[in-house]
>>> print(open('start24.cif').read())   # mmCIF, C-alpha atoms
data_start
loop_
_atom_site.label_atom_id
_atom_site.label_comp_id
_atom_site.auth_asym_id
_atom_site.auth_seq_id
_atom_site.Cartn_x
_atom_site.Cartn_y
_atom_site.Cartn_z
CA MET C 1 22.49 58.16 -50.07
CA LYS C 2 19.13 57.15 -48.67
CA PRO C 3 16.87 59.94 -47.41
CA ILE C 4 16.57 58.25 -44.05
CA LEU C 5 20.31 58.33 -43.61
CA ILE C 6 20.41 62.01 -44.57
CA ARG C 7 17.68 62.77 -42.02
CA ALA C 8 19.52 60.81 -39.33
CA ALA C 9 22.75 62.64 -40.11
CA LEU C 10 20.94 66.00 -39.95
CA LEU C 11 19.32 65.07 -36.62
CA ILE C 12 22.68 64.09 -35.16
CA LEU C 13 24.17 67.36 -36.42
CA ILE C 14 21.37 69.43 -34.85
CA LEU C 15 21.60 67.56 -31.54
CA THR C 16 25.39 68.00 -31.45
CA ALA C 17 25.05 71.74 -32.15
CA ALA C 18 22.36 72.10 -29.47
CA ALA C 19 24.54 70.26 -26.94
CA GLY C 20 27.44 72.54 -27.87
CA LEU C 21 25.31 75.65 -27.37
CA ALA C 22 24.02 74.39 -24.03
CA GLY C 23 27.60 73.77 -22.95
CA ALA C 24 28.57 77.28 -23.99
CA GLN C 25 25.72 78.71 -21.93
CA ASP C 26 26.79 76.69 -18.91
CA THR C 27 30.18 78.37 -18.90
CA THR C 28 28.55 81.78 -18.09
CA ARG C 29 26.80 80.39 -15.00
CA ARG C 30 28.61 78.10 -12.65
CA THR C 31 27.33 75.72 -10.04
CA VAL C 32 27.57 77.21 -6.56
CA THR C 33 27.76 75.04 -3.46
CA ALA C 34 26.03 75.76 -0.15
CA ASP C 35 29.48 76.04 1.47
CA GLU C 36 30.40 78.88 -0.88
CA VAL C 37 27.15 80.68 -0.06
CA ASN C 38 27.60 80.12 3.68
CA ALA C 39 31.21 81.36 3.59
CA ILE C 40 29.85 84.76 2.51
CA ALA C 41 26.68 84.56 4.62
CA LYS C 42 28.87 83.98 7.70
CA GLN C 43 30.21 87.53 7.31
CA MET C 44 26.72 89.04 7.38
CA TYR C 45 23.87 89.23 9.85
CA CYS C 46 20.14 88.52 9.73
CA PRO C 47 18.11 91.64 8.89
CA VAL C 48 15.38 90.69 11.35
CA CYS C 49 17.01 88.92 14.32
CA GLU C 50 19.55 90.40 16.73
CA ASN C 51 23.16 89.28 16.18
CA ILE C 52 22.35 86.06 14.31
CA PRO C 53 24.78 85.38 11.47
CA LEU C 54 23.10 84.96 8.10
CA ASP C 55 24.52 81.46 7.52
CA VAL C 56 22.79 79.94 10.57
CA CYS C 57 19.56 81.96 10.67
CA GLY C 58 16.41 80.05 9.83
CA THR C 59 14.07 82.94 8.94
CA ALA C 60 12.53 83.38 5.51
CA ALA C 61 14.35 86.70 5.17
CA CYS C 62 17.73 85.00 5.62
CA ALA C 63 16.79 82.19 3.21
CA GLN C 64 15.96 84.86 0.63
CA TRP C 65 19.25 86.66 1.23
CA ARG C 66 21.25 83.42 0.96
CA ASP C 67 19.44 82.73 -2.31
CA GLU C 68 20.41 86.20 -3.50
CA ILE C 69 24.06 85.43 -2.61
CA ARG C 70 23.87 82.19 -4.57
CA ILE C 71 22.42 83.97 -7.63
CA GLN C 72 25.13 86.62 -7.50
CA LEU C 73 27.87 83.98 -7.16
CA GLU C 74 26.40 82.11 -10.13
CA SER C 75 26.53 85.26 -12.19
CA GLY C 76 30.23 85.65 -11.42
CA SER C 77 30.33 88.22 -8.59
CA THR C 78 33.17 87.93 -6.10
CA PRO C 79 32.46 87.64 -2.34
CA ASP C 80 33.70 91.22 -1.79
CA GLU C 81 31.43 92.53 -4.53
CA ILE C 82 28.46 90.70 -3.05
CA ILE C 83 29.09 92.07 0.45
CA ARG C 84 29.54 95.60 -0.94
CA ASP C 85 26.27 95.24 -2.85
CA PHE C 86 24.43 94.08 0.28
CA VAL C 87 25.86 96.97 2.33
CA ALA C 88 24.78 99.43 -0.38
CA ARG C 89 21.27 97.99 -0.49
CA TYR C 90 20.63 97.24 3.17
CA GLY C 91 23.05 99.45 5.05
CA ASP C 92 26.03 98.79 7.34
CA ARG C 93 23.93 96.67 9.68
CA VAL C 94 24.36 93.65 7.39
CA VAL C 95 28.02 93.46 8.38
CA GLY C 96 27.31 94.07 12.06
CA THR C 97 27.91 97.81 12.26
CA PRO C 98 25.31 99.49 14.48
CA GLN C 99 22.60 101.43 12.67
CA ASP C 100 22.53 104.30 15.10
CA PRO C 101 24.97 107.05 14.00
CA THR C 102 26.21 107.70 17.56
CA LEU C 103 26.75 104.02 18.32
CA ARG C 104 28.30 103.53 14.90
CA ALA C 105 30.78 106.31 15.55
CA LEU C 106 31.52 104.96 19.03
CA SER C 107 32.00 101.42 17.75
CA LEU C 108 34.51 102.67 15.21
CA VAL C 109 36.36 105.07 17.51
CA THR C 110 36.33 103.19 20.84
CA PRO C 111 38.84 100.43 19.91
CA TRP C 112 41.31 103.08 18.70
CA ILE C 113 40.84 105.16 21.86
CA ALA C 114 41.28 102.05 24.02
CA ALA C 115 44.41 101.04 22.11
CA GLY C 116 45.79 104.58 22.40
CA LEU C 117 45.15 104.66 26.14
CA VAL C 118 46.85 101.29 26.64
CA VAL C 119 49.90 102.43 24.65
CA ALA C 120 50.00 105.74 26.58
CA LEU C 121 49.77 103.90 29.89
CA ALA C 122 52.51 101.46 28.88
CA LEU C 123 54.78 104.33 27.80
CA TYR C 124 54.05 106.24 31.01
CA LEU C 125 54.87 103.22 33.19
CA LEU C 126 58.04 102.51 31.20
CA LEU C 127 59.21 106.12 31.49
CA ARG C 128 58.41 106.22 35.22
CA TRP C 129 60.35 103.02 35.79
CA TRP C 130 63.25 104.36 33.73
CA ARG C 131 63.37 107.63 35.68
CA GLN C 132 63.01 105.99 39.08
CA ARG C 133 65.78 103.47 38.46
CA PRO C 134 68.77 105.82 39.24
CA ALA C 135 66.77 107.50 42.00
CA LEU C 136 66.14 104.16 43.68
CA ALA C 137 69.82 103.24 43.39
CA THR C 138 70.78 106.57 45.00
CA ALA C 139 68.17 106.11 47.69
CA ALA C 140 69.51 102.63 48.41
CA GLY C 141 73.05 104.04 48.59
CA ALA C 142 71.94 106.89 50.84
CA THR C 143 70.59 104.51 53.46
CA GLN C 144 73.99 102.89 53.83
CA PRO C 145 75.64 105.67 55.93
CA ALA C 146 72.55 105.92 58.14
CA ASP C 147 72.76 102.22 58.73
CA ASP C 148 76.49 102.53 59.47
CA ASP C 149 75.84 105.27 62.01
CA TYR C 150 73.30 103.12 63.70
CA ARG C 151 75.63 100.19 63.83
CA ALA C 152 78.44 102.37 65.14
CA ARG C 153 76.21 103.78 67.85
CA LEU C 154 75.05 100.30 68.75
CA GLU C 155 78.61 99.08 68.99
CA ARG C 156 79.58 102.07 71.15
CA ASP C 157 76.65 101.47 73.49
CA LEU C 158 77.46 97.80 73.76
CA GLN C 159 81.12 98.61 74.49
CA ALA C 160 80.05 101.00 77.19
CA ARG C 161 77.82 98.37 78.85
CA ARG C 162 80.61 95.78 79.00
CA MET H 1 75.51 105.03 81.72
CA THR H 2 74.08 106.20 78.50
CA ASP H 3 70.58 105.21 77.55
CA LEU H 4 70.38 102.71 74.83
CA ASP H 5 68.44 104.38 72.10
CA LEU H 6 67.40 101.75 69.61
CA SER H 7 64.84 103.86 67.86
CA PHE H 8 65.66 104.27 64.26
CA GLU H 9 63.48 106.01 61.74
CA PRO H 10 65.24 106.13 58.44
CA GLU H 11 64.06 108.89 56.20
CA ASN H 12 61.73 107.54 53.57
CA THR H 13 63.00 109.17 50.43
CA ALA H 14 61.57 106.68 47.87
CA SER H 15 57.85 107.00 48.42
CA LYS H 16 56.26 110.38 48.85
CA PRO H 17 52.54 110.63 49.60
CA ARG H 18 50.64 110.76 46.31
CA ARG H 19 48.30 113.58 45.49
CA GLY H 20 45.40 113.06 43.04
CA LEU H 21 44.76 110.02 40.83
CA SER H 22 47.34 107.92 39.10
CA LEU H 23 47.24 107.57 35.33
CA GLY H 24 46.05 103.98 35.70
CA SER H 25 43.08 105.09 37.79
CA ILE H 26 42.23 107.84 35.30
CA VAL H 27 42.32 105.35 32.41
CA LEU H 28 40.17 102.91 34.38
CA ILE H 29 37.60 105.59 35.24
CA ALA H 30 37.58 106.84 31.65
CA GLY H 31 37.01 103.28 30.43
CA ILE H 32 34.14 102.72 32.84
CA LEU H 33 32.54 106.05 31.87
CA LEU H 34 32.93 105.28 28.15
CA THR H 35 31.37 101.83 28.57
CA ALA H 36 28.52 103.30 30.61
CA ALA H 37 27.97 105.94 27.93
CA VAL H 38 27.85 103.32 25.15
CA PHE H 39 25.37 101.14 27.06
CA GLY H 40 23.35 104.21 28.10
CA ILE H 41 23.01 105.44 24.52
CA ALA H 42 22.17 101.93 23.29
CA LEU H 43 19.49 101.60 25.99
CA ALA H 44 18.07 105.04 25.22
CA ARG H 45 17.92 104.25 21.50
CA GLN H 46 16.27 100.89 22.18
CA ASN H 47 13.52 102.64 24.08
CA GLN H 48 12.80 104.92 21.12
CA THR H 49 9.70 103.74 19.35
CA GLN H 50 8.10 104.49 16.04
CA PRO H 51 6.69 108.02 15.73
CA GLN H 52 2.97 107.94 16.43
CA SER H 53 2.26 111.65 16.15
CA GLY H 54 3.90 114.86 15.00
CA PRO H 55 5.42 115.67 11.61
CA ALA H 56 6.09 112.67 9.42
CA PRO H 57 9.83 112.47 8.63
CA ASP H 58 10.31 113.50 5.03
CA PHE H 59 11.91 111.10 2.56
CA THR H 60 12.33 110.39 -1.12
CA LEU H 61 11.36 106.99 -2.43
CA THR H 62 12.52 105.64 -5.77
CA THR H 63 9.84 103.26 -6.95
CA LEU H 64 10.46 99.99 -8.73
CA ASP H 65 9.08 101.69 -11.84
CA GLY H 66 11.87 104.26 -11.62
CA ASP H 67 9.77 107.21 -10.42
CA THR H 68 10.88 109.41 -7.53
CA ILE H 69 8.32 110.41 -4.92
CA ARG H 70 8.97 112.89 -2.14
CA LEU H 71 6.64 112.65 0.85
CA SER H 72 6.48 116.44 1.33
CA ASP H 73 5.28 116.77 -2.29
CA LEU H 74 2.15 114.86 -1.30
CA ARG H 75 1.09 117.55 1.21
CA GLY H 76 -2.67 118.05 0.95
CA LYS H 77 -3.26 114.32 0.53
CA VAL H 78 -3.65 111.59 3.11
CA VAL H 79 -0.68 109.24 2.74
CA VAL H 80 -0.56 105.60 3.79
CA ILE H 81 3.06 104.50 4.22
CA ASN H 82 3.27 100.74 4.41
CA PHE H 83 6.52 98.94 5.24
CA TRP H 84 6.52 95.35 4.04
CA ALA H 85 8.74 92.52 2.80
CA SER H 86 8.12 89.67 0.40
CA TRP H 87 9.41 87.13 2.94
CA CYS H 88 6.96 88.38 5.59
CA GLY H 89 3.90 86.19 6.13
CA PRO H 90 1.62 88.85 7.70
CA CYS H 91 2.49 91.17 4.78
CA ARG H 92 1.00 88.62 2.42
CA VAL H 93 -2.14 88.57 4.56
CA GLU H 94 -2.64 92.34 4.38
CA ALA H 95 -1.54 92.87 0.76
CA PRO H 96 -4.97 92.25 -0.87
CA ALA H 97 -6.67 94.56 1.65
CA LEU H 98 -4.19 97.35 0.93
CA GLN H 99 -4.80 97.13 -2.80
CA LYS H 100 -8.59 97.11 -2.34
CA VAL H 101 -8.54 100.14 -0.04
CA TYR H 102 -6.17 101.94 -2.40
CA GLU H 103 -8.52 101.38 -5.34
CA ARG H 104 -11.44 102.67 -3.29
CA TYR H 105 -9.76 105.80 -1.90
CA ARG H 106 -7.20 106.89 -4.53
CA ASP H 107 -9.70 109.31 -6.10
CA ARG H 108 -10.55 110.81 -2.72
CA GLY H 109 -7.15 112.33 -2.04
CA VAL H 110 -5.42 109.30 -0.55
CA GLU H 111 -1.99 108.13 -1.74
CA PHE H 112 -0.32 104.85 -0.84
CA LEU H 113 3.43 104.30 -0.66
CA GLY H 114 4.78 100.80 -0.26
CA VAL H 115 8.30 100.48 1.15
CA ALA H 116 9.97 97.10 0.79
CA TRP H 117 12.19 96.64 3.84
CA THR H 118 15.37 94.48 3.63
CA ASP H 119 13.92 92.87 0.55
CA THR H 120 15.52 91.77 -2.67
CA GLU H 121 14.37 93.48 -5.85
CA ARG H 122 13.51 90.10 -7.33
CA GLY H 123 11.41 89.17 -4.28
CA ALA H 124 9.70 92.56 -4.15
CA ARG H 125 8.75 92.51 -7.82
CA ALA H 126 7.37 88.97 -7.51
CA PHE H 127 5.29 90.04 -4.47
CA ILE H 128 3.87 93.09 -6.28
CA ALA H 129 2.99 90.99 -9.31
CA GLU H 130 1.43 88.28 -7.16
CA PHE H 131 -0.91 90.71 -5.38
CA ASN H 132 -1.47 93.01 -8.39
CA GLN H 133 -0.39 96.06 -6.42
CA THR H 134 -0.77 99.18 -8.51
CA TYR H 135 0.26 101.84 -6.00
CA PRO H 136 3.88 103.08 -5.88
CA ASN H 137 6.31 100.68 -4.24
CA GLY H 138 10.04 101.01 -3.77
CA LEU H 139 12.98 99.42 -2.02
CA ASP H 140 14.26 100.97 1.19
CA LEU H 141 17.84 101.30 -0.04
CA GLY H 142 20.30 101.30 2.84
CA THR H 143 17.31 100.91 5.21
CA LYS H 144 17.32 104.71 5.52
CA LEU H 145 13.54 105.00 5.71
CA ALA H 146 13.34 102.23 8.28
CA GLU H 147 15.84 104.15 10.44
CA LEU H 148 13.86 107.36 9.92
CA TYR H 149 10.63 105.74 11.07
CA ARG H 150 12.39 103.43 13.59
CA ILE H 151 10.91 100.31 12.07
CA GLN H 152 11.20 97.23 14.25
CA GLY H 153 9.68 94.74 11.83
CA VAL H 154 7.09 94.36 9.12
CA PRO H 155 4.32 95.02 8.42
CA GLU H 156 4.16 98.50 9.91
CA THR H 157 1.90 101.24 8.57
CA PHE H 158 1.81 104.99 9.14
CA ILE H 159 -1.11 107.23 8.21
CA VAL H 160 -0.10 110.81 7.46
CA ASN H 161 -2.79 113.48 7.22
CA GLN H 162 -3.11 116.33 4.72
CA ASN H 163 -0.82 118.52 6.86
CA GLY H 164 2.00 116.01 6.94
CA GLN H 165 1.30 114.91 10.51
CA ILE H 166 1.34 111.27 11.56
CA VAL H 167 -2.15 110.50 12.85
CA GLN H 168 -1.99 106.73 13.16
CA PHE H 169 0.63 104.02 13.51
CA ILE H 170 -0.40 100.41 12.95
CA MET H 171 1.98 97.66 14.06
CA GLN H 172 0.01 94.69 12.74
CA PRO H 173 -1.44 93.45 9.47
CA ILE H 174 -4.14 95.90 8.49
CA THR H 175 -7.63 94.86 7.49
CA GLU H 176 -9.85 96.46 4.90
CA GLN H 177 -12.37 97.57 7.52
CA SER H 178 -9.89 99.06 9.97
CA LEU H 179 -7.93 100.98 7.32
CA SER H 180 -11.15 102.26 5.72
CA ALA H 181 -12.41 103.47 9.09
CA ILE H 182 -9.15 105.32 9.77
CA LEU H 183 -9.09 106.93 6.33
CA ASP H 184 -12.74 108.01 6.62
CA ARG H 185 -11.95 109.67 9.94
CA VAL H 186 -8.81 111.42 8.66
CA LEU H 187 -10.56 112.61 5.50
CA ALA H 188 -13.49 113.91 7.55
CA ASN H 189 -11.13 115.80 9.91
CA GLY H 190 -9.27 117.31 6.99
CA ALA H 191 -12.36 118.39 5.09
#
>>> encode(input="start24.cif", output="structure tokens")
Amino acid sequence: MKPILIRAALLILILTAAAGLAGAQDTTRRTVTADEVNAIAKQMYCPVCENIPLDVCGTAACAQWRDEIRIQLESGSTPDEIIRDFVARYGDRVVGTPQDPTLRALSLVTPWIAAGLVVALALYLLLRWWRQRPALATAAGATQPADDDYRARLERDLQARR
Amino acid sequence: MTDLDLSFEPENTASKPRRGLSLGSIVLIAGILLTAAVFGIALARQNQTQPQSGPAPDFTLTTLDGDTIRLSDLRGKVVVINFWASWCGPCRVEAPALQKVYERYRDRGVEFLGVAWTDTERGARAFIAEFNQTYPNGLDLGTKLAELYRIQGVPETFIVNQNGQIVQFIMQPITEQSLSAILDRVLANGA
């Protein structure tokens, strides 16, 4: 076999092995689309602006955070893991929970209090209606004799006038 | 002839005059009071500004080098606490000045603490490398320090004297001259 052919065969072998290795490396990092990044960013808020979701914010801080999301997705983290990591690093404010402890407590408790009050009110109104139902029927029945008396008196008076 | 008496006043047994408030009214009033309380607290908190005097809130900062620094352990030194972020343009402007002043004053009893606010570790490390910052810098994990000092943005800088009292708050990019002048004054007062 000619040396040139041996060299060519070796070169092809090396290139094939290199391509195989590159392919193997690619499997550890995957390509992440902007939609995937934005789907997670939509659940978080800008660290600088007030109430601007991370996916639509144009600040450099948000661009950096979106880039961080992309890197974490590429390294195989799940959306939940990424959000948990952001909350651990930057606090509850990234998911829209107020920073202030009092407001945070109120924001968590208020919906439950409101729901409880609505349920209590509904139960109270239902019970009141249920209790008043026989009472109303009795009251309606009780007016009948009074009405009869009136009619009887009216008839008597009319008879007397004739 | 008998008088025709057509007056008829049936006894109203169904509706008795109500005393006090109905449950609906109580719920409504409670709701209004709760809403007012929430907005009132939010408004009051919004009006709270960064501390500009008094004792500096104590904290522990874990630096990017892995060291732990407690502010109260630096009592006896003047401490410059600088909040910054790698994505912040004005922070880039002031970064060289901070490093220069640090190099000039570190042997005179002045310590610098850099706190990276809402920054990524990657971004913070790149920023520190870019500006050759040699003073301790750490990430504000959970933005606890920012809450403690009621940070509204970056850069913001607090100067704490030897007794742990905040003597200056700077809400703009610092310059070499202005920071030097402040440190000279604080060091002179503490001497």
>>> residues_around(input="start24.cif", residues="range 116-128 of chain C", least_positions_apart="3", cutoff="9 Å", atoms="all atoms listed in the file", output="list in words")
Pro111, Trp112, Ile113, Arg131, Gln132 and Arg133 of chain C; Leu23, Gly24 and Val27 of chain H
>>> interface_residues(input="start24.cif", of="chain H", to="chain C", cutoff="6 Å", atoms="all atoms listed in the file", output="JSON, numbers by chain")
{"H": [87, 118, 141, 142, 143]}
>>> write_last_selection(input="start24.cif", atoms="C-alpha atoms", output="mmCIF file, in the coordinates of the input")
data_model
loop_
_atom_site.group_PDB
_atom_site.id
_atom_site.type_symbol
_atom_site.label_atom_id
_atom_site.label_comp_id
_atom_site.auth_asym_id
_atom_site.auth_seq_id
_atom_site.Cartn_x
_atom_site.Cartn_y
_atom_site.Cartn_z
ATOM 1 C CA TRP H 87 9.410 87.130 2.940
ATOM 2 C CA THR H 118 15.370 94.480 3.630
ATOM 3 C CA LEU H 141 17.840 101.300 -0.040
ATOM 4 C CA GLY H 142 20.300 101.300 2.840
ATOM 5 C CA THR H 143 17.310 100.910 5.210
#
>>> atom_distance(input="start24.cif", atom1="CA of Asn189 in chain H", atom2="CA of Gly76 in chain H")
12.5 Å
>>> closest_residue(input="start24.cif", among="H:Leu71, H:Ile81, H:Ile26, H:Ala42", to="Leu179 in chain H", atoms="all atoms listed in the file")
H:Ile81
>>> resolve_selection(input="start24.cif", expression="the PyMOL selection byres ((chain C and resi 42) around 10)", output="PyMOL selection string")
chain C and resi 37-41+43-45+52-57+95
>>> resolve_selection(input="start24.cif", expression="the PyMOL selection byres ((chain H and resi 116) around 12)", output="PyMOL selection string")
(chain C and resi 89-90) or (chain H and resi 61-64+81-88+91+113-115+117-128+136-146+151+153-157)
>>> atom_distance(input="start24.cif", atom1="CA of Phe59 in chain H", atom2="CA of Thr175 in chain H")
25.9 Å
>>> atom_distance(input="start24.cif", atom1="CA of Gly96 in chain C", atom2="CA of Glu50 in chain C")
9.8 Å
>>> resolve_selection(input="start24.cif", expression="the PyMOL selection byres ((chain H and resi 162) around 8)", output="PyMOL selection string")
chain H and resi 75-79+160-161+163-165+190
>>> residues_around(input="start24.cif", residues="Val101 in chain H", least_positions_apart="3", cutoff="9 Å", atoms="all atoms listed in the file", output="PyMOL selection string")
chain H and resi 96-98+104-106+176-177+179-180
>>> closest_residue(input="start24.cif", among="C:Arg84, C:Thr97, C:Ala9, C:Arg151", to="Ile69 in chain C", atoms="all atoms listed in the file")
C:Arg84
>>> closest_residue(input="start24.cif", among="C:Thr31, C:Ile6, C:Asp148, C:Trp129", to="Ser75 in chain C", atoms="all atoms listed in the file")
C:Thr31
